[in-house]
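Participant: Sharing run-v6.txt below, compact mmCIF, C-alpha atoms:
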```
# COMPACT_ATOMS: atom_id res chain seq x y z
CA MET Y 25 -5.98 -74.26 -77.77
CA ASP Y 26 -2.68 -76.17 -77.88
CA LYS Y 27 0.12 -75.51 -75.43
CA VAL Y 28 2.25 -73.40 -77.83
CA ASN Y 29 -0.66 -71.09 -78.68
CA GLY Y 30 -1.29 -70.88 -74.95
CA TYR Y 31 2.06 -69.10 -74.55
CA LEU Y 32 1.05 -66.64 -77.27
CA PHE Y 33 -2.29 -66.02 -75.58
CA LEU Y 34 -0.64 -65.54 -72.18
CA ALA Y 35 1.92 -63.06 -73.55
CA TYR Y 36 -0.72 -60.84 -75.22
CA SER Y 37 -3.10 -61.13 -72.26
CA PHE Y 38 -0.37 -60.00 -69.88
CA LEU Y 39 0.43 -56.97 -72.06
CA TRP Y 40 -3.18 -55.81 -72.21
CA ALA Y 41 -3.70 -56.45 -68.51
CA ILE Y 42 -0.63 -54.47 -67.39
CA PHE Y 43 -1.33 -51.47 -69.64
CA VAL Y 44 -5.02 -51.31 -68.74
CA ALA Y 45 -4.17 -51.64 -65.02
CA TYR Y 46 -1.55 -48.86 -65.24
CA LEU Y 47 -3.93 -46.56 -67.13
CA TRP Y 48 -6.58 -47.21 -64.49
CA VAL Y 49 -4.12 -46.44 -61.65
CA LEU Y 50 -3.06 -43.18 -63.38
CA ALA Y 51 -6.68 -42.11 -63.93
CA ARG Y 52 -7.56 -42.86 -60.29
CA ARG Y 53 -4.58 -40.92 -58.94
CA GLN Y 54 -5.41 -38.00 -61.22
CA ALA Y 55 -9.06 -37.98 -60.07
CA GLN Y 56 -8.01 -38.07 -56.40
CA LEU Y 57 -5.60 -35.18 -56.89
CA ARG Y 58 -8.23 -33.17 -58.78
CA ASN Y 59 -10.70 -33.64 -55.91
CA GLU Y 60 -8.12 -32.63 -53.31
CA LEU Y 61 -7.14 -29.58 -55.38
CA ALA Y 62 -10.77 -28.47 -55.73
CA ASP Y 63 -11.28 -28.94 -52.00
CA LEU Y 64 -8.19 -26.90 -51.10
CA LYS Y 65 -9.10 -24.13 -53.56
CA ARG Y 66 -12.55 -23.92 -51.99
CA LYS Y 67 -10.99 -23.70 -48.50
CA LEU Y 68 -8.60 -20.97 -49.67
CA GLN Y 69 -11.48 -19.01 -51.17
CA GLU Y 70 -13.47 -19.31 -47.94
CA ALA Y 71 -10.44 -18.17 -45.96
CA SER Y 72 -9.89 -15.14 -48.15
CA LEU Y 73 -13.57 -14.21 -47.84
CA ALA Y 74 -13.37 -14.54 -44.05
CA GLY Y 75 -10.24 -12.38 -44.06
CA SER Y 76 -7.94 -14.76 -42.29
CA PRO Y 77 -6.35 -18.07 -43.24
CA PRO Y 78 -8.00 -21.19 -41.76
CA ARG Y 79 -6.21 -22.94 -38.94
CA ARG Y 80 -4.44 -26.16 -39.65
CA PRO Y 81 -6.56 -29.17 -38.59
CA MET K 25 0.74 -26.39 -72.28
CA VAL K 26 1.23 -25.74 -76.01
CA LEU K 27 1.29 -29.49 -76.71
CA LYS K 28 -1.95 -29.90 -74.73
CA LYS K 29 -3.66 -27.34 -76.99
CA ILE K 30 -2.44 -28.55 -80.37
CA PHE K 31 -2.46 -32.26 -79.51
CA PRO K 32 -4.90 -32.97 -76.64
CA PRO K 33 -4.44 -36.20 -74.62
CA SER K 34 -7.85 -37.52 -75.78
CA VAL K 35 -6.75 -37.26 -79.44
CA HIS K 36 -3.43 -38.88 -78.50
CA LEU K 37 -5.28 -41.80 -76.86
CA VAL K 38 -7.58 -42.31 -79.87
CA ILE K 39 -4.58 -42.32 -82.24
CA THR K 40 -2.77 -44.81 -79.98
CA LEU K 41 -5.75 -47.17 -79.87
CA ALA K 42 -6.23 -46.97 -83.66
CA TRP K 43 -2.52 -47.64 -84.14
CA PHE K 44 -2.78 -50.72 -81.90
CA VAL K 45 -5.69 -52.05 -83.96
CA VAL K 46 -3.56 -51.75 -87.11
CA ALA K 47 -0.57 -53.34 -85.33
CA LEU K 48 -2.67 -56.30 -84.13
CA TYR K 49 -4.07 -56.78 -87.64
CA MET K 50 -0.53 -56.84 -89.01
CA ILE K 51 0.80 -59.19 -86.31
CA PHE K 52 -1.93 -61.81 -86.70
CA LEU K 53 -3.09 -61.45 -90.32
CA TYR K 54 -0.46 -59.64 -92.40
CA ALA K 55 2.87 -61.00 -91.11
CA PRO K 56 3.71 -64.47 -92.44
CA GLN K 57 4.08 -67.45 -90.17
CA GLU K 58 7.69 -68.18 -89.23
CA ALA K 59 8.81 -71.58 -90.59
CA SER K 60 10.35 -73.20 -87.50
CA MET K 61 8.62 -71.56 -84.51
CA ARG K 62 5.25 -71.09 -86.24
CA GLU K 63 2.51 -69.16 -84.36
CA VAL K 64 4.42 -68.58 -81.12
CA GLN K 65 6.96 -66.45 -83.03
CA ARG K 66 4.28 -63.71 -83.10
CA ILE K 67 5.30 -62.95 -79.50
CA PHE K 68 8.46 -61.49 -81.08
CA TYR K 69 6.63 -58.34 -82.30
CA VAL K 70 5.53 -57.27 -78.83
CA HIS K 71 8.67 -58.56 -77.11
CA PHE K 72 10.96 -56.61 -79.43
CA SER K 73 8.81 -53.45 -79.25
CA SER K 74 8.66 -53.58 -75.44
CA ALA K 75 12.42 -54.13 -75.21
CA CYS K 76 13.27 -51.22 -77.54
CA THR K 77 10.85 -48.94 -75.69
CA ALA K 78 12.19 -49.97 -72.26
CA LEU K 79 15.75 -49.16 -73.40
CA LEU K 80 14.65 -45.88 -74.97
CA ALA K 81 12.80 -45.01 -71.76
CA TYR K 82 16.03 -45.36 -69.80
CA PHE K 83 17.71 -43.10 -72.31
CA PHE K 84 14.99 -40.52 -71.55
CA VAL K 85 15.62 -41.02 -67.82
CA PHE K 86 19.28 -40.27 -68.53
CA LEU K 87 18.45 -37.16 -70.61
CA GLY K 88 15.96 -35.86 -68.03
CA SER K 89 18.45 -36.46 -65.21
CA MET K 90 21.28 -34.68 -67.04
CA SER K 91 19.01 -31.79 -67.87
CA TYR K 92 17.84 -31.53 -64.24
CA LEU K 93 21.38 -31.46 -62.88
CA TRP K 94 22.39 -28.88 -65.46
CA LYS K 95 19.41 -26.50 -65.42
CA ARG K 96 17.52 -27.58 -62.25
CA SER K 97 14.38 -27.68 -64.36
CA ARG K 98 11.31 -29.21 -62.67
CA ARG K 99 9.95 -30.33 -66.03
CA ALA K 100 13.16 -32.27 -66.77
CA ASP K 101 12.86 -34.07 -63.44
CA ASP K 102 9.18 -34.82 -64.09
CA PHE K 103 10.12 -36.18 -67.50
CA ALA K 104 12.84 -38.43 -66.04
CA CYS K 105 10.52 -39.70 -63.32
CA ALA K 106 7.62 -40.34 -65.75
CA SER K 107 9.95 -42.12 -68.19
CA ALA K 108 11.24 -44.32 -65.36
CA GLU K 109 7.75 -45.31 -64.22
CA VAL K 110 6.47 -46.06 -67.73
CA GLY K 111 9.80 -47.68 -68.71
CA PHE K 112 9.43 -50.01 -65.74
CA ILE K 113 6.06 -51.18 -67.10
CA TYR K 114 7.66 -51.89 -70.48
CA CYS K 115 10.58 -53.69 -68.82
CA CYS K 116 8.05 -55.94 -67.01
CA CYS K 117 6.54 -56.72 -70.42
CA VAL K 118 9.97 -57.72 -71.75
CA LEU K 119 10.67 -59.98 -68.78
CA VAL K 120 7.29 -61.71 -69.08
CA THR K 121 6.98 -62.08 -72.86
CA GLY K 122 10.64 -63.20 -73.15
CA PRO K 123 10.31 -66.38 -71.04
CA LEU K 124 6.88 -67.08 -72.59
CA TRP K 125 8.59 -67.14 -75.97
CA ALA K 126 11.79 -68.83 -74.71
CA LYS K 127 10.02 -71.87 -73.28
CA PRO K 128 8.57 -73.17 -76.59
CA ALA K 129 11.55 -71.85 -78.64
CA TRP K 130 14.52 -72.91 -76.46
CA GLY K 131 12.88 -75.38 -74.09
CA ILE K 132 13.82 -73.28 -71.05
CA TRP K 133 12.18 -70.31 -69.35
CA TRP K 134 15.35 -68.44 -68.48
CA THR K 135 19.13 -68.53 -68.71
CA TRP K 136 21.67 -66.17 -67.19
CA ASP K 137 23.24 -65.03 -70.45
CA ALA K 138 24.56 -61.49 -70.99
CA ARG K 139 21.42 -60.04 -72.62
CA LEU K 140 18.91 -61.58 -70.23
CA THR K 141 20.98 -60.71 -67.17
CA SER K 142 21.55 -57.09 -68.24
CA THR K 143 17.80 -56.72 -68.93
CA PHE K 144 17.08 -58.09 -65.46
CA ILE K 145 19.55 -55.55 -64.01
CA LEU K 146 17.78 -52.81 -66.00
CA TRP K 147 14.51 -53.89 -64.35
CA LEU K 148 16.19 -53.75 -60.90
CA LEU K 149 17.55 -50.29 -61.73
CA TYR K 150 14.05 -49.08 -62.57
CA ILE K 151 12.85 -50.43 -59.21
CA ALA K 152 15.78 -48.77 -57.39
CA TYR K 153 15.02 -45.44 -59.08
CA LEU K 154 11.32 -45.59 -58.22
CA MET K 155 11.97 -46.73 -54.63
CA LEU K 156 14.38 -43.85 -54.17
CA ARG K 157 11.72 -41.43 -55.37
CA SER K 158 9.14 -42.74 -52.97
CA TYR K 159 11.33 -43.18 -49.86
CA VAL K 160 13.47 -40.04 -49.95
CA THR K 161 11.03 -37.24 -49.18
CA ASN K 162 13.47 -34.37 -48.71
CA PRO K 163 12.62 -31.92 -51.56
CA GLY K 164 15.63 -30.97 -53.67
CA ARG K 165 17.60 -33.97 -52.42
CA VAL K 166 15.35 -36.63 -53.97
CA GLU K 167 15.66 -35.04 -57.43
CA VAL K 168 19.47 -34.91 -57.23
CA LEU K 169 19.85 -38.46 -55.89
CA SER K 170 17.51 -39.96 -58.47
CA ALA K 171 19.24 -38.00 -61.25
CA VAL K 172 22.55 -39.58 -60.16
CA VAL K 173 20.96 -43.06 -60.25
CA GLY K 174 19.44 -42.24 -63.65
CA ILE K 175 22.82 -41.24 -65.07
CA LEU K 176 24.85 -44.10 -63.55
CA GLY K 177 22.25 -46.69 -64.54
CA PHE K 178 22.53 -45.66 -68.16
CA VAL K 179 25.82 -47.57 -68.34
CA ASN K 180 23.79 -50.77 -67.87
CA ALA K 181 21.35 -49.71 -70.61
CA ILE K 182 24.31 -49.45 -73.01
CA ILE K 183 25.60 -52.87 -71.91
CA ASP K 184 22.09 -54.29 -72.37
CA TYR K 185 21.90 -52.91 -75.90
CA MET K 186 25.39 -54.09 -76.86
CA ALA K 187 25.32 -57.48 -75.04
CA ILE K 188 24.31 -59.51 -78.11
CA ARG K 189 26.90 -57.69 -80.19
CA TRP K 190 29.79 -58.08 -77.73
CA TRP K 191 29.18 -61.65 -76.52
CA ARG K 192 27.80 -64.91 -77.88
CA THR K 193 24.50 -65.43 -76.11
CA GLN K 194 21.53 -67.79 -76.02
CA HIS K 195 19.46 -64.74 -77.00
CA PRO K 196 19.21 -64.35 -80.82
CA GLN K 197 21.58 -61.98 -82.61
CA PRO K 198 20.26 -58.47 -83.39
CA VAL K 199 17.60 -58.04 -86.07
CA LEU K 200 18.04 -54.26 -86.03
CA GLY K 201 21.49 -53.08 -87.13
CA GLY K 202 22.92 -56.57 -86.87
CA GLY K 203 24.89 -56.48 -90.09
CA ALA K 204 24.92 -58.92 -93.00
CA GLY K 205 22.83 -62.07 -92.60
CA SER K 206 20.60 -60.59 -89.94
CA GLY K 207 17.13 -59.28 -90.58
CA LEU K 208 13.61 -60.31 -91.44
CA GLU K 209 11.24 -60.93 -94.30
CA PRO K 210 9.89 -57.52 -95.57
CA ARG K 211 6.33 -58.08 -94.30
CA MET K 212 7.77 -58.94 -90.88
CA TRP K 213 9.82 -55.71 -90.96
CA TRP K 214 6.72 -53.62 -91.62
CA THR K 215 4.92 -55.38 -88.80
CA VAL K 216 7.84 -54.71 -86.45
CA PHE K 217 7.90 -51.01 -87.28
CA VAL K 218 4.13 -50.52 -87.01
CA THR K 219 4.03 -52.40 -83.68
CA TRP K 220 6.96 -50.46 -82.28
CA GLY K 221 5.29 -47.23 -83.43
CA ALA K 222 2.14 -48.18 -81.51
CA PHE K 223 4.20 -48.98 -78.42
CA LEU K 224 6.03 -45.64 -78.66
CA CYS K 225 2.77 -43.76 -79.13
CA LEU K 226 1.40 -45.42 -75.98
CA PHE K 227 4.66 -44.69 -74.15
CA PHE K 228 4.43 -40.96 -74.86
CA TYR K 229 0.75 -40.91 -73.93
CA LEU K 230 1.52 -42.55 -70.56
CA VAL K 231 4.48 -40.20 -69.96
CA ARG K 232 2.24 -37.20 -70.67
CA GLN K 233 -0.37 -38.45 -68.21
CA ARG K 234 2.27 -39.17 -65.58
CA MET K 235 3.80 -35.69 -66.01
CA ALA K 236 0.34 -34.13 -65.67
CA LEU K 237 -0.04 -36.05 -62.43
CA ALA K 238 3.27 -34.69 -61.12
CA GLN K 239 2.15 -31.16 -62.05
CA SER K 240 -1.15 -31.58 -60.17
CA HIS K 241 0.72 -32.96 -57.16
CA ARG K 242 3.01 -29.93 -57.12
CA GLU K 243 0.03 -27.57 -57.29
CA LEU K 244 -1.50 -29.42 -54.36
CA VAL K 245 1.65 -29.10 -52.27
CA GLU K 246 1.86 -25.36 -53.04
CA LEU K 247 -1.79 -24.81 -52.11
CA ARG K 248 -1.33 -26.71 -48.86
CA ARG K 249 1.68 -24.54 -48.05
CA GLU K 250 -0.36 -21.43 -48.82
CA LEU K 251 -3.15 -22.62 -46.56
CA THR K 252 -0.92 -23.38 -43.61
CA SER K 253 1.22 -20.23 -43.85
```
Show the structure stored in the file as structure tokens.
Facilitator:
Amino acid sequence: MDKVNGYLFLAYSFLWAIFVAYLWVLARRQAQLRNELADLKRKLQEASLAGSPPRRP
Amino acid sequence: MVLKKIFPPSVHLVITLAWFVVALYMIFLYAPQEASMREVQRIFYVHFSSACTALLAYFFVFLGSMSYLWKRSRRADDFACASAEVGFIYCCCVLVTGPLWAKPAWGIWWTWDARLTSTFILWLLYIAYLMLRSYVTNPGRVEVLSAVVGILGFVNAIIDYMAIRWWRTQHPQPVLGGGAGSGLEPRMWWTVFVTWGAFLCLFFYLVRQRMALAQSHRELVELRRELTS
């Protein structure tokens, strides 16, 4: 690959890398939030079954 | 909610990926080789599309900010914030692909001309907006402050757009709406539009995902409040 085509390769590689990385970060944050939400909902359900809200840790 | 039902994110992602396949085919196989710059000119398609999307993203930040200050709508604030985050990614693409094209085309990586400098300021504005959102934690205040930054920063977005029309710059004159003598070969035009379409489709997909994230975060905060009260 000559030097000029190297610039072309670098430009396209950077674009793919940044978009894939950002999509991965978004998916990870979404998964973390989903887990936390499920956990909190479960705690709320347990608290309502027990009749009183759980104490703050 | 309605959009999620009639146009689910998974379908949106598949369409975006298919659109990118078509765009890449057009960039490398359909568009003719430019006579003087040859292969490296193909950076232009992604550079131009990233730049237009980054500018449009700031316009959305401006619209979302105005709407938030006017109606105090949470969705408008989410939209402004998501547009800023995704717009920042596109602005990074502009500032990386630009020098990678400038070096073989001009012989230099960077020059402080009006267009390049105003794009750099746009990038700094995106950073300022996002830093403000992460460091100011006072609810209600952070939305107002970032809306003010979003509105004031739009002045720079206008300067950035008009820079090559108002001043003589190292950066080439506009290919879009540049008047007589400007423009491209028809096959290049089609490639530009298809590539920009793919970039816009990806932009809206990312904004949707980022807004969904903000919604989940808000639900989490409300549940935590419910648990501790």
Participant: For chain K against chain Y, which residues fall within 9 Å using all atoms listed in the file, given as a PyMOL selection string?
Facilitator: chain K and resi 63-67+70-71+110+113-114+116-117+120-122+124-125+127-128+230+233-234+236-237+240-241+243-244+247-248+250-253
Participant: Measure the distance from CA of Val218 in chain K to CA of Met50 in chain K in Å and round it to one decimal.
Facilitator: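 Those two atoms sit 8.1 Å apart.
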Participant: Excluding range 184-199 of chain K and its own-chain neighbours fewer than 6 positions away, which residues fall within 12 Å of it when counting only C-alpha atoms? Please give them as a PyMOL selection string.
Facilitator: chain K and resi 68-69+72+75-80+82-83+122-123+125-126+129-147+177-178+205-209+212-213+216
Participant: Could you jot down the CA of Ile183 in chain K to CA of Glu109 in chain K separation for me, Å, one decimal place?
Facilitator: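 If I compute the distance from CA of Ile183 in chain K to CA of Glu109 in chain K, I get 20.9 Å.
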Participant: Have a look at K:Thr215, K:Ser158, K:Asn180, K:Ser74 and name the one nearest to Leu119 in chain K; count all atoms listed in the file.
Facilitator: K:Ser74
Participant: Please compute the CA of Leu93 in chain K-CA of Leu176 in chain K distance, one decimal, in Å.
Facilitator: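 Taking CA of Leu93 in chain K as the start and CA of Leu176 in chain K as the end point, the length is 13.1 Å.
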Participant: Can you pull out the residues contacting Gly164 in chain K? Cut-off 12 Å, using all atoms listed in the file, and skip same-chain residues under 6 positions away; I want them as a list in words.
Facilitator: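 Contacts, in chain order: Tyr92, Leu93, Arg96, Ser97, Arg98, Asp101, Arg157, Ser170 and Ala171 of chain K.
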Participant: Quick one: what's the axis-aligned box for range 43-57 of chain Y, all listed atoms, 8 Å on every side, centre and edges in Å to one decimal, as AutoDock Vina command-line options?
Facilitator:
```
--center_x -5.2 --center_y -43.4 --center_z -63.0 --size_x 23.7 --size_y 32.5 --size_z 29.2
```
